[in-house]
>>> print(open('upload01.csv').read())   # CSV, C-alpha atoms and all ligand atoms
chain,number,residue,atom,x,y,z
A,204,MET,CA,134.1,190.8,193.9
A,205,VAL,CA,131.0,189.3,192.2
A,206,ARG,CA,129.7,186.0,193.3
A,207,ILE,CA,126.6,184.4,191.8
A,208,GLU,CA,125.4,181.2,193.4
A,209,ASN,CA,122.8,179.0,191.9
A,210,LEU,CA,120.8,181.9,190.6
A,211,THR,CA,117.5,181.2,189.0
A,212,LYS,CA,115.0,183.8,187.7
A,213,GLU,CA,111.6,182.8,186.3
A,214,TYR,CA,109.1,185.0,184.6
A,215,ARG,CA,105.9,183.0,185.0
A,216,LYS,CA,106.7,179.8,183.1
A,217,LEU,CA,109.9,181.0,181.4
A,218,ARG,CA,113.1,180.3,183.2
A,219,ALA,CA,115.3,183.2,182.0
A,220,VAL,CA,118.3,182.4,184.2
A,221,ASP,CA,118.8,178.8,185.2
A,222,ASP,CA,120.9,177.8,188.2
A,223,LEU,CA,123.8,180.2,187.3
A,224,SER,CA,126.9,180.2,189.3
A,225,LEU,CA,129.8,182.5,188.6
A,226,THR,CA,132.7,184.2,190.4
A,227,ILE,CA,134.6,187.3,189.3
A,228,GLU,CA,137.7,188.5,191.0
A,229,GLU,CA,138.6,192.1,191.8
A,230,GLY,CA,140.0,193.9,188.8
A,231,ASP,CA,138.6,191.4,186.3
A,232,ALA,CA,137.0,192.5,183.1
A,233,PHE,CA,134.4,189.8,182.6
A,234,GLY,CA,132.6,189.4,179.3
A,235,PHE,CA,129.1,188.1,179.6
A,236,ILE,CA,128.3,186.8,176.2
A,237,GLY,CA,125.1,185.3,174.8
A,238,PRO,CA,122.6,185.6,172.0
A,239,ASN,CA,119.5,187.8,172.5
A,240,GLY,CA,117.2,186.3,175.1
A,241,ALA,CA,119.9,184.3,176.8
A,242,GLY,CA,119.3,186.0,180.2
A,243,LYS,CA,122.1,188.6,180.3
A,244,THR,CA,120.0,191.5,181.2
A,245,THR,CA,118.0,189.5,183.8
A,246,THR,CA,121.3,188.5,185.5
A,247,ILE,CA,122.7,192.0,185.5
A,248,ARG,CA,119.4,193.4,186.9
A,249,VAL,CA,119.6,191.0,189.7
A,250,LEU,CA,123.2,192.1,190.4
A,251,ALA,CA,122.0,195.7,190.3
A,252,THR,CA,119.3,194.9,192.9
A,253,LEU,CA,116.6,195.8,190.5
A,254,LEU,CA,115.1,192.4,190.2
A,255,ALA,CA,114.6,189.8,192.9
A,256,PRO,CA,115.8,186.3,192.0
A,257,THR,CA,113.4,183.4,192.2
A,258,SER,CA,116.1,181.4,194.0
A,259,GLY,CA,119.8,181.5,194.6
A,260,GLU,CA,121.9,184.4,195.7
A,261,ALA,CA,124.4,186.9,194.4
A,262,TYR,CA,127.0,188.9,196.3
A,263,ILE,CA,128.9,192.1,195.4
A,264,ASP,CA,132.1,192.4,197.5
A,265,SER,CA,130.5,189.8,199.9
A,266,VAL,CA,127.4,191.9,200.3
A,267,SER,CA,124.1,190.1,199.5
A,268,VAL,CA,122.0,191.7,196.8
A,269,THR,CA,118.8,190.4,198.3
A,270,LYS,CA,119.6,191.1,202.0
A,271,GLU,CA,121.4,194.4,201.7
A,272,PRO,CA,120.4,196.0,198.4
A,273,ALA,CA,121.1,199.6,199.6
A,274,LYS,CA,124.7,198.7,200.4
A,275,VAL,CA,125.1,196.9,197.1
A,276,ARG,CA,123.9,200.0,195.2
A,277,ASN,CA,126.8,202.0,196.6
A,278,LEU,CA,129.2,199.3,195.3
A,279,VAL,CA,127.9,199.0,191.8
A,280,GLY,CA,127.5,201.4,188.8
A,281,TYR,CA,124.8,200.0,186.5
A,282,MET,CA,124.5,201.0,182.9
A,283,PRO,CA,121.2,199.7,181.5
A,284,ASP,CA,120.9,198.4,177.9
A,285,PHE,CA,118.3,201.1,177.2
A,286,PHE,CA,119.1,204.8,177.7
A,287,GLY,CA,116.0,206.8,178.5
A,288,VAL,CA,115.7,209.9,176.6
A,289,TYR,CA,115.4,213.1,178.6
A,290,ASP,CA,114.0,216.2,177.0
A,291,ASP,CA,115.2,219.6,178.2
A,292,VAL,CA,118.0,218.2,180.4
A,293,LYS,CA,121.5,219.3,180.0
A,294,ALA,CA,124.4,216.9,180.4
A,295,TRP,CA,125.6,218.4,183.7
A,296,GLU,CA,122.0,218.5,185.0
A,297,TYR,CA,121.5,214.9,184.2
A,298,LEU,CA,124.7,214.0,186.2
A,299,ASP,CA,123.8,216.4,189.0
A,300,PHE,CA,120.4,214.7,189.4
A,301,PHE,CA,122.0,211.2,189.7
A,302,ALA,CA,124.8,212.5,192.0
A,303,ALA,CA,122.1,213.8,194.3
A,304,ALA,CA,120.3,210.5,194.1
A,305,HIS,CA,123.5,208.8,195.1
A,306,ARG,CA,123.7,211.3,198.0
A,307,VAL,CA,127.0,212.9,196.8
A,308,PRO,CA,127.1,215.9,199.1
A,309,ALA,CA,126.1,219.2,197.3
A,310,ALA,CA,129.5,220.7,198.1
A,311,ARG,CA,131.3,217.9,196.3
A,312,ARG,CA,128.9,217.4,193.5
A,313,LYS,CA,130.3,220.0,191.1
A,314,ARG,CA,133.8,218.6,191.4
A,315,VAL,CA,132.6,215.0,190.9
A,316,ILE,CA,130.7,216.0,187.8
A,317,GLU,CA,133.6,217.8,186.3
A,318,ASP,CA,135.8,214.7,187.0
A,319,VAL,CA,133.4,212.2,185.3
A,320,LEU,CA,132.9,214.6,182.4
A,321,GLU,CA,136.6,214.8,181.9
A,322,LEU,CA,137.1,211.1,182.2
A,323,THR,CA,134.4,210.4,179.6
A,324,ASP,CA,135.7,213.2,177.3
A,325,LEU,CA,132.5,215.2,177.6
A,326,THR,CA,133.8,218.3,179.2
A,327,GLY,CA,132.9,220.3,176.1
A,328,LYS,CA,129.4,219.0,176.2
A,329,ARG,CA,128.5,219.8,179.8
A,330,ASP,CA,125.9,222.4,178.7
A,331,ALA,CA,124.5,220.4,175.8
A,332,PHE,CA,121.1,218.9,175.9
A,333,VAL,CA,121.2,215.2,176.5
A,334,ASP,CA,118.8,214.6,173.6
A,335,ASP,CA,121.1,216.4,171.2
A,336,LEU,CA,124.1,214.2,171.9
A,337,SER,CA,125.2,211.5,169.5
A,338,ARG,CA,124.6,207.9,170.4
A,339,GLY,CA,128.2,207.5,171.3
A,340,MET,CA,128.2,210.5,173.6
A,341,LYS,CA,125.0,209.4,175.2
A,342,GLN,CA,126.6,206.1,176.0
A,343,ARG,CA,129.6,207.9,177.5
A,344,LEU,CA,127.3,210.1,179.5
A,345,CYS,CA,125.5,207.1,180.8
A,346,LEU,CA,128.8,205.6,181.7
A,347,ALA,CA,129.8,208.9,183.4
A,348,LYS,CA,126.6,208.6,185.4
A,349,THR,CA,127.6,205.1,186.7
A,350,LEU,CA,130.9,206.5,187.9
A,351,LEU,CA,129.5,209.4,190.1
A,352,HIS,CA,129.6,207.5,193.3
A,353,ASP,CA,133.0,205.8,192.5
A,354,PRO,CA,131.6,202.3,192.5
A,355,LYS,CA,134.0,199.2,192.7
A,356,VAL,CA,132.0,197.2,190.2
A,357,LEU,CA,130.6,198.4,186.9
A,358,LEU,CA,127.7,196.5,185.4
A,359,LEU,CA,127.4,197.4,181.8
A,360,ASP,CA,124.6,195.9,179.7
A,361,GLU,CA,125.6,195.9,176.0
A,362,PRO,CA,127.2,199.4,176.2
A,363,ALA,CA,128.5,199.1,172.6
A,364,SER,CA,125.3,198.2,170.9
A,365,GLY,CA,124.3,200.6,168.2
A,366,LEU,CA,127.6,202.5,168.2
A,367,ASP,CA,129.6,203.1,165.1
A,368,PRO,CA,133.1,201.7,164.8
A,369,ARG,CA,134.7,204.9,166.0
A,370,ALA,CA,132.5,205.3,169.0
A,371,ARG,CA,133.2,201.6,169.8
A,372,ILE,CA,136.9,202.2,169.9
A,373,GLU,CA,136.4,205.3,172.1
A,374,LEU,CA,134.3,203.3,174.5
A,375,ARG,CA,136.8,200.5,174.6
A,376,GLU,CA,139.6,202.9,175.4
A,377,LEU,CA,137.5,204.4,178.2
A,378,LEU,CA,136.8,201.0,179.6
A,379,LYS,CA,140.5,200.1,179.5
A,380,GLU,CA,141.2,203.4,181.5
A,381,LEU,CA,138.6,202.4,184.1
A,382,ARG,CA,140.1,199.0,184.4
A,383,LYS,CA,143.5,200.6,185.1
A,384,MET,CA,141.8,202.5,187.8
A,385,GLY,CA,141.0,199.2,189.5
A,386,LYS,CA,137.4,198.8,188.6
A,387,THR,CA,135.9,195.4,188.2
A,388,ILE,CA,133.9,195.3,185.0
A,389,PHE,CA,131.0,193.1,184.2
A,390,ILE,CA,130.1,193.7,180.6
A,391,SER,CA,127.6,192.0,178.4
A,392,SER,CA,127.4,191.6,174.6
A,393,HIS,CA,125.9,189.4,172.0
A,394,ILE,CA,129.0,189.9,169.9
A,395,LEU,CA,131.9,187.9,171.2
A,396,PRO,CA,134.9,189.4,169.3
A,397,GLU,CA,133.8,192.8,170.6
A,398,LEU,CA,134.7,191.7,174.1
A,399,ALA,CA,137.5,189.2,173.5
A,400,GLU,CA,140.2,191.8,173.2
A,401,PHE,CA,139.2,193.8,176.2
A,402,CYS,CA,138.2,191.1,178.7
A,403,ASN,CA,140.4,188.7,180.6
A,404,ARG,CA,137.6,186.3,181.3
A,405,ILE,CA,134.4,185.4,179.5
A,406,GLY,CA,131.4,183.4,180.1
A,407,ILE,CA,129.0,182.3,177.4
A,408,LEU,CA,125.3,182.1,178.4
A,409,GLU,CA,122.7,180.3,176.5
A,410,GLN,CA,119.0,179.9,177.5
A,411,GLY,CA,119.9,181.0,181.0
A,412,LYS,CA,122.7,178.5,181.5
A,413,LEU,CA,126.4,179.1,181.5
A,414,VAL,CA,127.8,177.0,178.7
A,415,VAL,CA,131.4,177.8,179.3
A,416,SER,CA,133.4,180.3,181.4
A,417,GLY,CA,137.1,181.0,182.1
A,418,PRO,CA,140.1,183.0,180.9
A,419,VAL,CA,139.7,184.0,177.3
A,420,HIS,CA,142.8,182.1,176.2
A,421,GLU,CA,141.8,178.9,177.9
A,422,ILE,CA,138.4,178.9,176.3
A,423,ALA,CA,139.9,179.5,172.9
A,424,ALA,CA,142.5,176.7,173.5
A,425,LYS,CA,139.8,174.3,174.7
A,426,VAL,CA,137.8,174.5,171.6
A,427,ARG,CA,140.8,174.7,169.4
A,428,THR,CA,141.8,171.2,170.3
A,429,ARG,CA,138.9,170.1,168.2
A,430,ASN,CA,140.7,171.2,165.1
A,431,ALA,CA,139.2,172.0,161.8
A,432,LEU,CA,140.7,170.8,158.6
A,433,GLU,CA,140.0,172.3,155.2
A,434,ILE,CA,140.5,169.8,152.4
A,435,GLY,CA,140.5,170.7,148.7
A,436,VAL,CA,139.6,167.9,146.3
A,437,CYS,CA,139.4,167.5,142.5
A,438,SER,CA,137.1,164.4,142.8
A,439,ASP,CA,133.5,164.4,143.9
A,440,ALA,CA,133.1,166.5,147.0
A,441,GLN,CA,130.0,164.7,148.4
A,442,GLU,CA,131.7,161.3,148.0
A,443,ALA,CA,134.7,162.7,149.8
A,444,VAL,CA,132.5,163.9,152.7
A,445,GLN,CA,131.1,160.3,153.0
A,446,VAL,CA,134.6,158.9,153.1
A,447,CYS,CA,135.8,161.4,155.7
A,448,LEU,CA,132.8,160.7,157.9
A,449,LYS,CA,133.8,157.0,158.1
A,450,HIS,CA,137.1,157.9,159.8
A,451,PRO,CA,136.9,157.5,163.6
A,452,SER,CA,138.7,160.9,164.2
A,453,VAL,CA,136.1,162.9,162.2
A,454,ARG,CA,133.2,164.3,164.0
A,455,THR,CA,131.6,166.3,161.2
A,456,ALA,CA,132.4,166.9,157.6
A,457,GLU,CA,130.6,169.1,155.1
A,458,VAL,CA,131.2,171.0,151.9
A,459,THR,CA,131.7,174.7,152.4
A,460,ASP,CA,132.7,177.0,149.5
A,461,GLY,CA,133.8,174.0,147.4
A,462,ARG,CA,136.1,172.7,150.2
A,463,ILE,CA,135.5,170.0,152.7
A,464,VAL,CA,135.5,171.2,156.2
A,465,VAL,CA,136.2,168.5,158.7
A,466,GLU,CA,135.9,168.7,162.4
A,467,PHE,CA,138.9,166.6,163.5
A,468,ILE,CA,138.8,165.3,167.0
A,469,GLY,CA,142.0,163.2,166.9
A,470,GLU,CA,145.5,164.4,167.8
A,471,LYS,CA,147.6,166.4,165.4
A,472,GLU,CA,149.8,163.3,164.9
A,473,GLN,CA,146.9,161.4,163.5
A,474,VAL,CA,146.3,163.9,160.6
A,475,PRO,CA,148.8,162.1,158.2
A,476,ASP,CA,147.1,158.8,158.8
A,477,PHE,CA,143.7,160.3,158.1
A,478,LEU,CA,145.0,161.8,154.9
A,479,LEU,CA,146.5,158.5,153.8
A,480,ALA,CA,143.2,156.7,154.6
A,481,ILE,CA,141.1,159.0,152.5
A,482,LEU,CA,143.7,159.0,149.6
A,483,GLN,CA,143.5,155.2,149.6
A,484,GLN,CA,139.8,155.4,149.3
A,485,GLY,CA,140.0,157.4,146.1
A,486,VAL,CA,139.6,161.0,147.4
A,487,LYS,CA,141.8,163.1,145.2
A,488,VAL,CA,143.2,165.6,147.7
A,489,THR,CA,144.7,168.8,146.3
A,490,SER,CA,145.2,170.7,149.5
A,491,LEU,CA,144.9,170.3,153.3
A,492,VAL,CA,144.9,173.2,155.6
A,493,GLU,CA,144.5,173.3,159.4
A,494,SER,CA,142.2,176.2,160.1
A,495,GLU,CA,142.5,177.9,163.4
A,496,MET,CA,139.3,178.8,165.0
A,497,ASP,CA,138.9,182.4,166.1
A,498,LEU,CA,136.7,183.4,169.0
A,499,GLU,CA,133.7,183.8,166.8
A,500,ASP,CA,134.0,180.1,165.9
A,501,VAL,CA,134.3,179.3,169.5
A,502,PHE,CA,131.1,181.1,170.2
A,503,LEU,CA,129.3,179.3,167.4
A,504,GLN,CA,130.6,175.9,168.4
A,505,VAL,CA,129.8,176.3,172.0
A,506,THR,CA,126.3,177.6,171.5
A,507,LYS,CA,125.5,175.3,168.6
A,508,GLY,CA,126.0,172.4,171.0
A,509,VAL,CA,123.3,173.5,173.3
A,510,VAL,CA,120.7,174.5,170.7
A,511,SER,CA,120.9,171.3,168.8
B,601,LIG,N1,109.9,191.2,182.4
B,601,LIG,C1,109.8,190.1,181.7
B,601,LIG,N2,108.7,189.3,181.7
B,601,LIG,C2,108.7,188.2,181.0
B,601,LIG,N3,109.7,187.7,180.3
B,601,LIG,C3,110.9,188.4,180.3
B,601,LIG,C4,111.0,189.6,181.0
B,601,LIG,N4,112.2,190.1,180.8
B,601,LIG,C5,112.9,189.2,180.1
B,601,LIG,N5,112.1,188.2,179.7
B,601,LIG,C6,112.4,187.0,178.9
B,601,LIG,O1,113.5,186.4,179.6
B,601,LIG,C7,114.5,185.9,178.7
B,601,LIG,C8,115.8,186.5,178.9
B,601,LIG,O2,115.7,187.9,178.7
B,601,LIG,P1,117.0,188.9,178.9
B,601,LIG,O3,117.5,188.7,180.3
B,601,LIG,O4,116.5,190.2,178.5
B,601,LIG,O5,118.0,188.3,177.9
B,601,LIG,P2,119.3,189.0,177.1
B,601,LIG,O6,119.6,190.3,177.9
B,601,LIG,O7,120.4,188.0,177.1
B,601,LIG,O8,118.8,189.3,175.7
B,601,LIG,C9,113.9,186.2,177.3
B,601,LIG,O9,113.3,185.0,176.8
B,601,LIG,C10,112.9,187.3,177.6
B,601,LIG,O10,111.9,187.3,176.6
B,602,MG,MG,119.7,192.2,177.2
>>> encode(input="upload01.csv", output="structure tokens", more="lines below")
Ligand SMILES: Nc1ncnc2c1ncn2[C@@H]1O[C@H](COP(=O)(O)OP(=O)(O)O)[C@@H](O)[C@H]1O
Ligand SMILES: [Mg+2]
Amino acid sequence: MVRIENLTKEYRKLRAVDDLSLTIEEGDAFGFIGPNGAGKTTTIRVLATLLAPTSGEAYIDSVSVTKEPAKVRNLVGYMPDFFGVYDDVKAWEYLDFFAAAHRVPAARRKRVIEDVLELTDLTGKRDAFVDDLSRGMKQRLCLAKTLLHDPKVLLLDEPASGLDPRARIELRELLKELRKMGKTIFISSHILPELAEFCNRIGILEQGKLVVSGPVHEIAAKVRTRNALEIGVCSDAQEAVQVCLKHPSVRTAEVTDGRIVVEFIGEKEQVPDFLLAILQQGVKVTSLVESEMDLEDVFLQVTKGVVS
């Protein structure tokens, strides 16, 4: 449904998106994750036909964003990261304006607006001024706007940013609803756990490059094979770190909160040998725990690699 091929976007000397390739199937909820400045907005704006790529191509439902932008605009609903403030505009007027822009026939517009207001739980706010809505409601209204022309693909740029926990949950429920309706959802965030639960696939972007992408559980499993061990000692911790680092299955070791955290790259079966080895070298081990990495750790691990 979304295909990005060797996409590059340069702003003068800065390469914001660097040879990015990515495919998203129909019905996927794809989480596009990366720190600020990674190139998420740039990529999404190219998909929304608002920005021309320097090189490469992108297709929405096999339609080229550079060759047939008008057609693509009918296929996508784009929610920008920044919601413009409109004075003196009521919620329904805001939607009516965009429905007209999308050429929804006047006779159908009222019905469509009622439908999207209901879907986003804003029926009670149809006559409220946009400016008076809470941040969460504004976000939902913006989402309602993207649904007016019943697009197949939703491009949502950090929709949850700045929302309180309750508004986040409401947004997530709404997105789940849209997914059930068969929409393909491309959603960005700089916070991985925020998307992990909702998305079936994620991609992590850093400095314009895709560091890793795939099904959420596969990515988590991939990183988890590099297990972390937490070792408690009652002998000198720094000495213990030095001993650990000498072991061939240890990639990194450091003292964190009084414990030694070891990144263990060997198999699980090699852990006892490792333990024996450090005991024999005088490390007084009081505890050893395997710590499972959660998705936040995955994100840190994967991105740390590129920065350093
Ligand atoms: N219009 C622009 N002109 C010049 N540089 C830009 C412009 N837009 C974005 N950038 C730069 O491109 C990089 C990627 O930005 P962006 O796509 O907004 O990242 P993200 O959405 O992941 O935070 C950043 O270094 C940013 O400063
Ligand atoms: Mg952005």
>>> closest_residue(input="upload01.csv", among="A:Ala219, A:Ala309, A:Ala347, A:Ile372", to="Val249 in chain A", atoms="only C-alpha atoms")
A:Ala219
>>> closest_residue(input="upload01.csv", among="A:Leu408, A:Ile207, A:Leu374, A:Val275", to="ligand MG 602 (chain B)", atoms="all atoms listed in the file")
A:Leu408
>>> residues_near_ligand(input="upload01.csv", ligand="ligand LIG 601 (chain B)", cutoff="9 Å", atoms="only C-alpha atoms and all ligand atoms", output="MDAnalysis selection string")
chainID A and resid 212:220 236:248 284 360:361 391:393 408:411
>>> closest_residue(input="upload01.csv", among="A:Pro272, A:Gly280, A:Gly287, A:Pro362", to="ligand MG 602 (chain B)", atoms="only C-alpha atoms and all ligand atoms")
A:Pro362
>>> residues_around(input="upload01.csv", residues="Leu432 in chain A", least_positions_apart="5", cutoff="6 Å", atoms="all atoms listed in the file", output="list in words")
Val464, Val465, Val492, Glu493 and Ser494 of chain A
>>> closest_residue(input="upload01.csv", among="A:Thr226, A:Ala232, A:Leu359, A:Arg276", to="ligand MG 602 (chain B)", atoms="all atoms listed in the file")
A:Leu359
>>> residues_around(input="upload01.csv", residues="Asp330 in chain A", least_positions_apart="4", cutoff="8 Å", atoms="all atoms listed in the file", output="tab-separated table (two decimals) with C-alpha atoms, in the coordinates of the input")
chain	number	residue	atom	x	y	z
A	293	LYS	CA	121.50	219.30	180.00
A	294	ALA	CA	124.40	216.90	180.40
A	295	TRP	CA	125.60	218.40	183.70
>>> decode(input="upload01.csv", residues="range 283-313 of chain A", atoms="N, CA and C atoms", output="PDB file, in the first residue's frame")
ATOM      1  N   PRO A 283      -0.681  16.667   9.891  1.00  0.00           N
ATOM      2  CA  PRO A 283       0.639  17.248  10.137  1.00  0.00           C
ATOM      3  C   PRO A 283       1.005  17.238  11.615  1.00  0.00           C
ATOM      4  N   ASP A 284       2.281  17.430  11.879  1.00  0.00           N
ATOM      5  CA  ASP A 284       2.734  17.445  13.266  1.00  0.00           C
ATOM      6  C   ASP A 284       2.323  18.738  13.961  1.00  0.00           C
ATOM      7  N   PHE A 285       2.019  19.734  13.161  1.00  0.00           N
ATOM      8  CA  PHE A 285       1.650  21.015  13.761  1.00  0.00           C
ATOM      9  C   PHE A 285       0.253  21.413  13.297  1.00  0.00           C
ATOM     10  N   PHE A 286      -0.619  21.610  14.257  1.00  0.00           N
ATOM     11  CA  PHE A 286      -2.003  21.939  13.957  1.00  0.00           C
ATOM     12  C   PHE A 286      -2.156  23.450  13.960  1.00  0.00           C
ATOM     13  N   GLY A 287      -2.451  24.022  12.808  1.00  0.00           N
ATOM     14  CA  GLY A 287      -2.613  25.468  12.728  1.00  0.00           C
ATOM     15  C   GLY A 287      -3.805  25.922  13.559  1.00  0.00           C
ATOM     16  N   VAL A 288      -3.685  27.066  14.150  1.00  0.00           N
ATOM     17  CA  VAL A 288      -4.777  27.568  14.973  1.00  0.00           C
ATOM     18  C   VAL A 288      -5.687  28.441  14.110  1.00  0.00           C
ATOM     19  N   TYR A 289      -6.954  28.176  14.192  1.00  0.00           N
ATOM     20  CA  TYR A 289      -7.914  28.957  13.427  1.00  0.00           C
ATOM     21  C   TYR A 289      -8.791  29.756  14.378  1.00  0.00           C
ATOM     22  N   ASP A 290      -8.751  31.068  14.260  1.00  0.00           N
ATOM     23  CA  ASP A 290      -9.657  31.909  15.052  1.00  0.00           C
ATOM     24  C   ASP A 290     -11.024  31.842  14.401  1.00  0.00           C
ATOM     25  N   ASP A 291     -12.042  32.007  15.187  1.00  0.00           N
ATOM     26  CA  ASP A 291     -13.378  32.234  14.626  1.00  0.00           C
ATOM     27  C   ASP A 291     -13.895  31.125  13.733  1.00  0.00           C
ATOM     28  N   VAL A 292     -13.352  29.937  13.839  1.00  0.00           N
ATOM     29  CA  VAL A 292     -13.856  28.845  13.006  1.00  0.00           C
ATOM     30  C   VAL A 292     -14.407  27.765  13.924  1.00  0.00           C
ATOM     31  N   LYS A 293     -15.620  27.356  13.610  1.00  0.00           N
ATOM     32  CA  LYS A 293     -16.226  26.296  14.406  1.00  0.00           C
ATOM     33  C   LYS A 293     -15.797  24.932  13.867  1.00  0.00           C
ATOM     34  N   ALA A 294     -15.913  23.917  14.711  1.00  0.00           N
ATOM     35  CA  ALA A 294     -15.468  22.577  14.318  1.00  0.00           C
ATOM     36  C   ALA A 294     -16.095  22.143  12.998  1.00  0.00           C
ATOM     37  N   TRP A 295     -17.422  22.309  12.884  1.00  0.00           N
ATOM     38  CA  TRP A 295     -18.060  21.832  11.646  1.00  0.00           C
ATOM     39  C   TRP A 295     -17.653  22.660  10.434  1.00  0.00           C
ATOM     40  N   GLU A 296     -17.379  23.980  10.661  1.00  0.00           N
ATOM     41  CA  GLU A 296     -16.956  24.845   9.547  1.00  0.00           C
ATOM     42  C   GLU A 296     -15.564  24.425   9.047  1.00  0.00           C
ATOM     43  N   TYR A 297     -14.743  24.095  10.016  1.00  0.00           N
ATOM     44  CA  TYR A 297     -13.391  23.630   9.697  1.00  0.00           C
ATOM     45  C   TYR A 297     -13.471  22.380   8.809  1.00  0.00           C
ATOM     46  N   LEU A 298     -14.319  21.454   9.206  1.00  0.00           N
ATOM     47  CA  LEU A 298     -14.467  20.216   8.447  1.00  0.00           C
ATOM     48  C   LEU A 298     -15.128  20.484   7.089  1.00  0.00           C
ATOM     49  N   ASP A 299     -16.087  21.385   7.083  1.00  0.00           N
ATOM     50  CA  ASP A 299     -16.791  21.713   5.840  1.00  0.00           C
ATOM     51  C   ASP A 299     -15.826  22.298   4.805  1.00  0.00           C
ATOM     52  N   PHE A 300     -14.934  23.146   5.307  1.00  0.00           N
ATOM     53  CA  PHE A 300     -13.937  23.763   4.425  1.00  0.00           C
ATOM     54  C   PHE A 300     -13.068  22.690   3.758  1.00  0.00           C
ATOM     55  N   PHE A 301     -12.574  21.755   4.592  1.00  0.00           N
ATOM     56  CA  PHE A 301     -11.693  20.731   4.033  1.00  0.00           C
ATOM     57  C   PHE A 301     -12.455  19.718   3.170  1.00  0.00           C
ATOM     58  N   ALA A 302     -13.704  19.456   3.533  1.00  0.00           N
ATOM     59  CA  ALA A 302     -14.513  18.560   2.703  1.00  0.00           C
ATOM     60  C   ALA A 302     -14.693  19.174   1.324  1.00  0.00           C
ATOM     61  N   ALA A 303     -14.928  20.483   1.292  1.00  0.00           N
ATOM     62  CA  ALA A 303     -15.075  21.175   0.008  1.00  0.00           C
ATOM     63  C   ALA A 303     -13.763  21.111  -0.765  1.00  0.00           C
ATOM     64  N   ALA A 304     -12.655  21.314  -0.050  1.00  0.00           N
ATOM     65  CA  ALA A 304     -11.348  21.260  -0.698  1.00  0.00           C
ATOM     66  C   ALA A 304     -11.094  19.880  -1.311  1.00  0.00           C
ATOM     67  N   HIS A 305     -11.617  18.865  -0.643  1.00  0.00           N
ATOM     68  CA  HIS A 305     -11.472  17.507  -1.176  1.00  0.00           C
ATOM     69  C   HIS A 305     -12.564  17.182  -2.200  1.00  0.00           C
ATOM     70  N   ARG A 306     -13.352  18.183  -2.531  1.00  0.00           N
ATOM     71  CA  ARG A 306     -14.418  18.046  -3.530  1.00  0.00           C
ATOM     72  C   ARG A 306     -15.462  17.010  -3.144  1.00  0.00           C
ATOM     73  N   VAL A 307     -15.748  16.937  -1.852  1.00  0.00           N
ATOM     74  CA  VAL A 307     -16.892  16.125  -1.439  1.00  0.00           C
ATOM     75  C   VAL A 307     -18.120  16.932  -1.856  1.00  0.00           C
ATOM     76  N   PRO A 308     -19.025  16.375  -2.666  1.00  0.00           N
ATOM     77  CA  PRO A 308     -20.168  17.143  -3.178  1.00  0.00           C
ATOM     78  C   PRO A 308     -20.977  17.762  -2.033  1.00  0.00           C
ATOM     79  N   ALA A 309     -21.441  18.984  -2.242  1.00  0.00           N
ATOM     80  CA  ALA A 309     -22.153  19.745  -1.206  1.00  0.00           C
ATOM     81  C   ALA A 309     -23.289  18.927  -0.592  1.00  0.00           C
ATOM     82  N   ALA A 310     -24.000  18.176  -1.401  1.00  0.00           N
ATOM     83  CA  ALA A 310     -25.144  17.400  -0.918  1.00  0.00           C
ATOM     84  C   ALA A 310     -24.725  16.323   0.090  1.00  0.00           C
ATOM     85  N   ARG A 311     -23.512  15.817  -0.064  1.00  0.00           N
ATOM     86  CA  ARG A 311     -23.056  14.738   0.820  1.00  0.00           C
ATOM     87  C   ARG A 311     -22.274  15.238   2.034  1.00  0.00           C
ATOM     88  N   ARG A 312     -21.837  16.498   1.939  1.00  0.00           N
ATOM     89  CA  ARG A 312     -20.897  17.021   2.924  1.00  0.00           C
ATOM     90  C   ARG A 312     -21.405  16.940   4.362  1.00  0.00           C
ATOM     91  N   LYS A 313     -22.674  17.329   4.548  1.00  0.00           N
ATOM     92  CA  LYS A 313     -23.238  17.373   5.896  1.00  0.00           C
ATOM     93  C   LYS A 313     -23.163  15.985   6.538  1.00  0.00           C
TER      94      LYS A 313
END
